[in-house]
$ cat data_21.cif   # mmCIF, C-alpha atoms
data_upload
#
loop_
_atom_site.label_atom_id
_atom_site.label_comp_id
_atom_site.auth_asym_id
_atom_site.auth_seq_id
_atom_site.Cartn_x
_atom_site.Cartn_y
_atom_site.Cartn_z
CA GLN A 6 47.25 153.87 98.14
CA VAL A 7 48.13 150.46 99.54
CA GLN A 8 51.80 149.73 100.04
CA LEU A 9 53.34 146.35 100.67
CA VAL A 10 56.97 146.14 101.77
CA GLU A 11 58.80 142.83 101.88
CA SER A 12 61.88 142.06 103.95
CA GLY A 13 63.87 139.11 105.18
CA GLY A 14 65.43 137.84 101.99
CA GLY A 15 69.08 136.96 101.69
CA LEU A 16 71.66 134.32 100.93
CA VAL A 17 71.37 130.98 102.68
CA GLN A 18 72.86 127.53 102.23
CA ALA A 19 70.74 124.62 101.09
CA GLY A 20 68.83 123.18 104.02
CA GLY A 21 68.69 126.51 105.79
CA SER A 22 65.75 128.69 106.74
CA LEU A 23 64.53 132.22 106.16
CA ARG A 24 61.46 134.12 107.27
CA LEU A 25 60.06 136.72 104.91
CA SER A 26 57.86 139.52 106.17
CA CYS A 27 55.37 141.69 104.31
CA ALA A 28 54.25 144.89 105.97
CA ALA A 29 51.02 146.43 104.72
CA SER A 30 50.30 150.15 104.98
CA GLY A 31 46.76 149.45 106.11
CA SER A 32 44.73 146.77 107.78
CA ILE A 33 45.23 143.39 106.16
CA LEU A 34 41.67 142.60 107.17
CA SER A 35 40.63 144.80 104.25
CA PHE A 36 41.98 142.26 101.78
CA ASN A 37 40.13 139.18 100.61
CA ALA A 38 43.33 137.30 99.98
CA MET A 39 47.03 137.62 100.64
CA GLY A 40 49.91 135.56 99.50
CA TRP A 41 53.46 135.11 98.37
CA TYR A 42 54.66 134.65 94.81
CA ARG A 43 58.12 134.17 93.37
CA GLN A 44 59.87 134.72 90.08
CA ALA A 45 63.13 133.08 89.11
CA PRO A 46 65.26 134.42 86.22
CA GLY A 47 63.77 133.46 82.89
CA ARG A 48 60.62 132.05 84.45
CA GLN A 49 57.09 133.29 85.02
CA ARG A 50 55.93 134.49 88.39
CA GLU A 51 54.33 131.65 90.32
CA SER A 52 52.19 131.34 93.39
CA VAL A 53 53.95 129.97 96.46
CA ALA A 54 51.43 130.32 99.29
CA ASN A 55 48.06 132.01 99.59
CA VAL A 56 45.39 132.64 102.16
CA ASN A 57 41.83 133.44 101.15
CA ARG A 58 39.79 134.82 104.01
CA GLY A 59 37.89 132.05 105.70
CA PHE A 60 39.83 129.25 104.06
CA ALA A 61 42.91 127.24 104.89
CA PRO A 62 46.20 128.28 103.29
CA THR A 63 47.18 126.74 99.98
CA TYR A 64 50.71 125.98 98.86
CA ALA A 65 52.51 125.15 95.66
CA ASP A 66 53.34 121.45 95.52
CA SER A 67 57.04 122.31 95.39
CA VAL A 68 56.97 123.96 98.83
CA LYS A 69 54.39 121.90 100.73
CA GLY A 70 55.75 120.74 104.05
CA ARG A 71 58.60 123.24 103.93
CA PHE A 72 56.96 126.70 103.75
CA THR A 73 54.32 128.16 106.05
CA ILE A 74 52.32 131.36 105.53
CA SER A 75 50.95 133.18 108.55
CA MET A 76 49.28 136.48 109.38
CA ASP A 77 49.65 138.93 112.27
CA TYR A 78 46.45 140.96 112.06
CA ALA A 79 47.44 143.22 114.95
CA LYS A 80 50.64 144.29 113.21
CA ASN A 81 49.36 144.04 109.61
CA LEU A 82 52.12 141.61 108.73
CA VAL A 83 52.21 138.52 106.56
CA TYR A 84 55.02 136.03 107.00
CA LEU A 85 56.47 133.25 104.94
CA GLN A 86 58.54 130.83 106.96
CA MET A 87 60.79 128.87 104.64
CA ASN A 88 62.55 125.77 105.93
CA GLY A 89 64.59 123.18 104.13
CA LEU A 90 65.50 125.62 101.41
CA LYS A 91 66.72 124.26 98.09
CA PRO A 92 68.70 125.94 95.30
CA GLU A 93 65.55 125.81 93.15
CA ASP A 94 63.85 128.11 95.66
CA THR A 95 66.14 130.90 94.49
CA ALA A 96 63.95 133.74 93.21
CA VAL A 97 62.60 137.17 93.94
CA TYR A 98 59.71 136.76 96.35
CA TYR A 99 56.74 139.11 96.14
CA CYS A 100 53.94 139.81 98.56
CA ASN A 101 50.45 140.11 97.08
CA ALA A 102 47.17 141.43 98.44
CA ALA A 103 43.84 141.28 96.66
CA LYS A 104 40.52 143.02 97.03
CA THR A 105 37.88 141.18 95.06
CA THR A 106 35.32 143.96 95.59
CA THR A 107 37.39 146.27 93.41
CA ASN A 108 39.16 143.54 91.42
CA THR A 109 42.47 145.03 92.54
CA ASN A 110 45.81 143.39 93.16
CA TYR A 111 48.64 145.00 95.07
CA TRP A 112 52.29 143.98 94.90
CA GLY A 113 55.38 144.68 96.92
CA GLN A 114 58.75 145.47 95.39
CA GLY A 115 60.11 141.99 96.04
CA THR A 116 62.91 140.54 98.11
CA GLN A 117 65.70 138.34 96.76
CA VAL A 118 66.19 134.86 98.14
CA THR A 119 69.30 133.00 97.03
CA VAL A 120 69.98 129.43 98.11
CA SER A 121 73.47 128.09 97.52
CA SER A 122 74.20 124.41 97.06
#

$ encode --input "data_21.cif" --output "structure tokens"
Amino acid sequence: QVQLVESGGGLVQAGGSLRLSCAASGSILSFNAMGWYRQAPGRQRESVANVNRGFAPTYADSVKGRFTISMDYAKNLVYLQMNGLKPEDTAVYYCNAAKTTTNTNYWGQGTQVTVSS
């Protein structure tokens, strides 16, 4: 069973930075895609940043130029570097991994990010 564990969330002032980490229980090379999603209270979960194997990362318009997704294949980690944080970035952030061969999605438990104004 694949496990994804997020860390790095917290409380930060507007304009600050955080780096989220997602640790996978197995090789992240086994996934076709990995990414970060977020869900704010009363809102649907939305995609923030994604990497499909062999393609450049994609970002939500709201975070372009501020957030960067990266992978450490040796350590089976996925990062989300968040700079220039805004109060509207406040949400629970989830790590996602997908295997298209089995049409399976895996989710972490989420990590809270709160940005104060």

$ resolve_selection --input "data_21.cif" --expression "the PyMOL selection byres ((chain A and resi 59-68) around 10)" --output "PDB file with C-alpha atoms, in the frame of the given file"
ATOM      1  CA  ASN A  37      40.130 139.180 100.610  1.00  0.00           C
ATOM      2  CA  ALA A  38      43.330 137.300  99.980  1.00  0.00           C
ATOM      3  CA  MET A  39      47.030 137.620 100.640  1.00  0.00           C
ATOM      4  CA  GLY A  40      49.910 135.560  99.500  1.00  0.00           C
ATOM      5  CA  TRP A  41      53.460 135.110  98.370  1.00  0.00           C
ATOM      6  CA  TYR A  42      54.660 134.650  94.810  1.00  0.00           C
ATOM      7  CA  GLU A  51      54.330 131.650  90.320  1.00  0.00           C
ATOM      8  CA  SER A  52      52.190 131.340  93.390  1.00  0.00           C
ATOM      9  CA  VAL A  53      53.950 129.970  96.460  1.00  0.00           C
ATOM     10  CA  ALA A  54      51.430 130.320  99.290  1.00  0.00           C
ATOM     11  CA  ASN A  55      48.060 132.010  99.590  1.00  0.00           C
ATOM     12  CA  VAL A  56      45.390 132.640 102.160  1.00  0.00           C
ATOM     13  CA  ASN A  57      41.830 133.440 101.150  1.00  0.00           C
ATOM     14  CA  ARG A  58      39.790 134.820 104.010  1.00  0.00           C
ATOM     15  CA  LYS A  69      54.390 121.900 100.730  1.00  0.00           C
ATOM     16  CA  GLY A  70      55.750 120.740 104.050  1.00  0.00           C
ATOM     17  CA  ARG A  71      58.600 123.240 103.930  1.00  0.00           C
ATOM     18  CA  PHE A  72      56.960 126.700 103.750  1.00  0.00           C
ATOM     19  CA  THR A  73      54.320 128.160 106.050  1.00  0.00           C
ATOM     20  CA  ILE A  74      52.320 131.360 105.530  1.00  0.00           C
ATOM     21  CA  SER A  75      50.950 133.180 108.550  1.00  0.00           C
ATOM     22  CA  MET A  87      60.790 128.870 104.640  1.00  0.00           C
ATOM     23  CA  ASN A  88      62.550 125.770 105.930  1.00  0.00           C
ATOM     24  CA  GLY A  89      64.590 123.180 104.130  1.00  0.00           C
ATOM     25  CA  LEU A  90      65.500 125.620 101.410  1.00  0.00           C
ATOM     26  CA  LYS A  91      66.720 124.260  98.090  1.00  0.00           C
ATOM     27  CA  GLU A  93      65.550 125.810  93.150  1.00  0.00           C
ATOM     28  CA  ASP A  94      63.850 128.110  95.660  1.00  0.00           C
TER      29      ASP A  94
END

$ closest_residue --input "data_21.cif" --among "A:Pro92, A:Leu82, A:Asn101, A:Gly115" --to "Gly20 (chain A)" --atoms "all atoms listed in the file"
A:Pro92

$ resolve_selection --input "data_21.cif" --expression "the PyMOL selection byres ((chain A and resi 96) around 7)" --output "PyMOL selection string"
chain A and resi 43-45+94-95+97-98+117-119

$ residues_around --input "data_21.cif" --residues "Gln114 (chain A)" --least-positions-apart "3" --cutoff "9 Å" --atoms "only C-alpha atoms" --output "list in words"
Leu9, Val10, Glu11, Tyr98, Tyr99 and Cys100 of chain A

$ atom_distance --input "data_21.cif" --atom1 "CA of Lys104 (chain A)" --atom2 "CA of Phe36 (chain A)"
5.0 Å

$ atom_distance --input "data_21.cif" --atom1 "CA of Gln8 (chain A)" --atom2 "CA of Ala79 (chain A)"
16.8 Å

$ resolve_selection --input "data_21.cif" --expression "the PyMOL selection byres ((chain A and resi 14) around 8)" --output "ChimeraX atom specification"
/A:12-13,15-16,23-25,116-119

$ closest_residue --input "data_21.cif" --among "A:Gln18, A:Gly47, A:Val7, A:Tyr78" --to "Val120 (chain A)" --atoms "all atoms listed in the file"
A:Gln18

$ axis_aligned_box --input "data_21.cif" --around "region 87-94 of chain A" --padding-each-side "8 Å" --output "lines of an AutoDock Vina configuration file"
center_x = 64.7
center_y = 126.0
center_z = 99.5
size_x = 23.9
size_y = 21.7
size_z = 28.8

$ atom_distance --input "data_21.cif" --atom1 "CA of Ser26 (chain A)" --atom2 "CA of Leu85 (chain A)"
6.5 Å

$ decode --input "data_21.cif" --residues "region 82-97 of chain A" --atoms "all heavy atoms" --output "JSON list (two decimals), in the first residue's frame"
[["chain", "number", "residue", "atom", "x", "y", "z"],
["A", 82, "LEU", "N", 11.07, 12.02, -2.48],
["A", 82, "LEU", "CA", 10.42, 13.19, -1.91],
["A", 82, "LEU", "C", 9.93, 14.11, -3.02],
["A", 82, "LEU", "O", 10.57, 14.25, -4.05],
["A", 82, "LEU", "CB", 11.39, 13.96, -1.02],
["A", 82, "LEU", "CG", 11.79, 13.30, 0.29],
["A", 82, "LEU", "CD1", 12.97, 14.03, 0.92],
["A", 82, "LEU", "CD2", 10.62, 13.27, 1.26],
["A", 83, "VAL", "N", 8.81, 14.75, -2.75],
["A", 83, "VAL", "CA", 8.28, 15.79, -3.62],
["A", 83, "VAL", "C", 8.14, 17.05, -2.78],
["A", 83, "VAL", "O", 7.61, 17.00, -1.67],
["A", 83, "VAL", "CB", 6.91, 15.40, -4.21],
["A", 83, "VAL", "CG1", 6.42, 16.48, -5.17],
["A", 83, "VAL", "CG2", 7.00, 14.06, -4.90],
["A", 84, "TYR", "N", 8.62, 18.16, -3.30],
["A", 84, "TYR", "CA", 8.59, 19.41, -2.56],
["A", 84, "TYR", "C", 7.66, 20.42, -3.24],
["A", 84, "TYR", "O", 7.44, 20.38, -4.45],
["A", 84, "TYR", "CB", 9.98, 20.03, -2.50],
["A", 84, "TYR", "CG", 11.02, 19.18, -1.82],
["A", 84, "TYR", "CD1", 12.01, 18.52, -2.56],
["A", 84, "TYR", "CD2", 11.04, 19.04, -0.44],
["A", 84, "TYR", "CE1", 12.97, 17.75, -1.94],
["A", 84, "TYR", "CE2", 12.00, 18.27, 0.19],
["A", 84, "TYR", "CZ", 12.96, 17.62, -0.57],
["A", 84, "TYR", "OH", 13.91, 16.86, 0.05],
["A", 85, "LEU", "N", 7.17, 21.32, -2.44],
["A", 85, "LEU", "CA", 6.47, 22.49, -2.95],
["A", 85, "LEU", "C", 7.05, 23.70, -2.24],
["A", 85, "LEU", "O", 6.79, 23.90, -1.06],
["A", 85, "LEU", "CB", 4.97, 22.41, -2.74],
["A", 85, "LEU", "CG", 4.17, 23.55, -3.37],
["A", 85, "LEU", "CD1", 4.23, 23.49, -4.89],
["A", 85, "LEU", "CD2", 2.70, 23.55, -2.90],
["A", 86, "GLN", "N", 7.85, 24.46, -2.96],
["A", 86, "GLN", "CA", 8.40, 25.68, -2.41],
["A", 86, "GLN", "C", 7.41, 26.81, -2.65],
["A", 86, "GLN", "O", 7.03, 27.06, -3.81],
["A", 86, "GLN", "CB", 9.74, 26.03, -3.07],
["A", 86, "GLN", "CG", 10.37, 27.32, -2.60],
["A", 86, "GLN", "CD", 10.79, 27.26, -1.15],
["A", 86, "GLN", "OE1", 11.37, 26.28, -0.69],
["A", 86, "GLN", "NE2", 10.51, 28.32, -0.40],
["A", 87, "MET", "N", 6.99, 27.45, -1.60],
["A", 87, "MET", "CA", 5.97, 28.50, -1.70],
["A", 87, "MET", "C", 6.57, 29.81, -1.22],
["A", 87, "MET", "O", 6.93, 29.94, -0.05],
["A", 87, "MET", "CB", 4.76, 28.13, -0.87],
["A", 87, "MET", "CG", 4.17, 26.76, -1.20],
["A", 87, "MET", "SD", 2.63, 26.40, -0.33],
["A", 87, "MET", "CE", 3.21, 26.33, 1.35],
["A", 88, "ASN", "N", 6.68, 30.76, -2.12],
["A", 88, "ASN", "CA", 7.20, 32.08, -1.81],
["A", 88, "ASN", "C", 6.10, 33.13, -2.01],
["A", 88, "ASN", "O", 5.12, 32.88, -2.71],
["A", 88, "ASN", "CB", 8.40, 32.42, -2.70],
["A", 88, "ASN", "CG", 9.55, 31.45, -2.53],
["A", 88, "ASN", "OD1", 9.79, 30.94, -1.43],
["A", 88, "ASN", "ND2", 10.26, 31.19, -3.61],
["A", 89, "GLY", "N", 6.29, 34.27, -1.41],
["A", 89, "GLY", "CA", 5.31, 35.33, -1.58],
["A", 89, "GLY", "C", 3.91, 34.92, -1.19],
["A", 89, "GLY", "O", 2.94, 35.23, -1.87],
["A", 90, "LEU", "N", 3.82, 34.23, -0.07],
["A", 90, "LEU", "CA", 2.52, 33.70, 0.34],
["A", 90, "LEU", "C", 1.50, 34.80, 0.62],
["A", 90, "LEU", "O", 1.86, 35.89, 1.11],
["A", 90, "LEU", "CB", 2.68, 32.80, 1.56],
["A", 90, "LEU", "CG", 3.25, 31.40, 1.23],
["A", 90, "LEU", "CD1", 3.80, 30.75, 2.48],
["A", 90, "LEU", "CD2", 2.18, 30.55, 0.60],
["A", 91, "LYS", "N", 0.25, 34.50, 0.27],
["A", 91, "LYS", "CA", -0.86, 35.43, 0.45],
["A", 91, "LYS", "C", -1.91, 34.79, 1.35],
["A", 91, "LYS", "O", -2.00, 33.56, 1.42],
["A", 91, "LYS", "CB", -1.49, 35.75, -0.90],
["A", 91, "LYS", "CG", -0.52, 36.29, -1.94],
["A", 91, "LYS", "CD", -1.21, 36.47, -3.28],
["A", 91, "LYS", "CE", -0.25, 36.99, -4.35],
["A", 91, "LYS", "NZ", -0.92, 37.17, -5.66],
["A", 92, "PRO", "N", -2.72, 35.60, 2.03],
["A", 92, "PRO", "CA", -3.78, 35.01, 2.87],
["A", 92, "PRO", "C", -4.67, 34.04, 2.09],
["A", 92, "PRO", "O", -5.13, 33.04, 2.67],
["A", 92, "PRO", "CB", -4.55, 36.24, 3.34],
["A", 92, "PRO", "CG", -3.54, 37.33, 3.37],
["A", 92, "PRO", "CD", -2.65, 37.06, 2.19],
["A", 93, "GLU", "N", -4.88, 34.29, 0.82],
["A", 93, "GLU", "CA", -5.74, 33.39, 0.03],
["A", 93, "GLU", "C", -5.07, 32.05, -0.27],
["A", 93, "GLU", "O", -5.72, 31.16, -0.83],
["A", 93, "GLU", "CB", -6.17, 34.06, -1.27],
["A", 93, "GLU", "CG", -5.05, 34.66, -2.10],
["A", 93, "GLU", "CD", -4.89, 36.15, -1.84],
["A", 93, "GLU", "OE1", -4.95, 36.58, -0.66],
["A", 93, "GLU", "OE2", -4.67, 36.89, -2.83],
["A", 94, "ASP", "N", -3.82, 31.89, 0.10],
["A", 94, "ASP", "CA", -3.16, 30.59, -0.03],
["A", 94, "ASP", "C", -3.46, 29.68, 1.16],
["A", 94, "ASP", "O", -3.07, 28.50, 1.16],
["A", 94, "ASP", "CB", -1.64, 30.76, -0.13],
["A", 94, "ASP", "CG", -1.21, 31.47, -1.41],
["A", 94, "ASP", "OD1", -1.78, 31.17, -2.48],
["A", 94, "ASP", "OD2", -0.30, 32.32, -1.34],
["A", 95, "THR", "N", -4.14, 30.23, 2.16],
["A", 95, "THR", "CA", -4.49, 29.44, 3.34],
["A", 95, "THR", "C", -5.38, 28.26, 2.95],
["A", 95, "THR", "O", -6.41, 28.44, 2.31],
["A", 95, "THR", "CB", -5.21, 30.32, 4.38],
["A", 95, "THR", "OG1", -4.30, 31.32, 4.85],
["A", 95, "THR", "CG2", -5.70, 29.48, 5.55],
["A", 96, "ALA", "N", -4.95, 27.06, 3.32],
["A", 96, "ALA", "CA", -5.67, 25.84, 2.95],
["A", 96, "ALA", "C", -4.95, 24.64, 3.55],
["A", 96, "ALA", "O", -3.83, 24.77, 4.07],
["A", 96, "ALA", "CB", -5.75, 25.69, 1.44],
["A", 97, "VAL", "N", -5.59, 23.50, 3.44],
["A", 97, "VAL", "CA", -4.91, 22.23, 3.70],
["A", 97, "VAL", "C", -4.31, 21.78, 2.37],
["A", 97, "VAL", "O", -5.02, 21.72, 1.36],
["A", 97, "VAL", "CB", -5.86, 21.17, 4.26],
["A", 97, "VAL", "CG1", -5.11, 19.85, 4.46],
["A", 97, "VAL", "CG2", -6.48, 21.63, 5.57]]
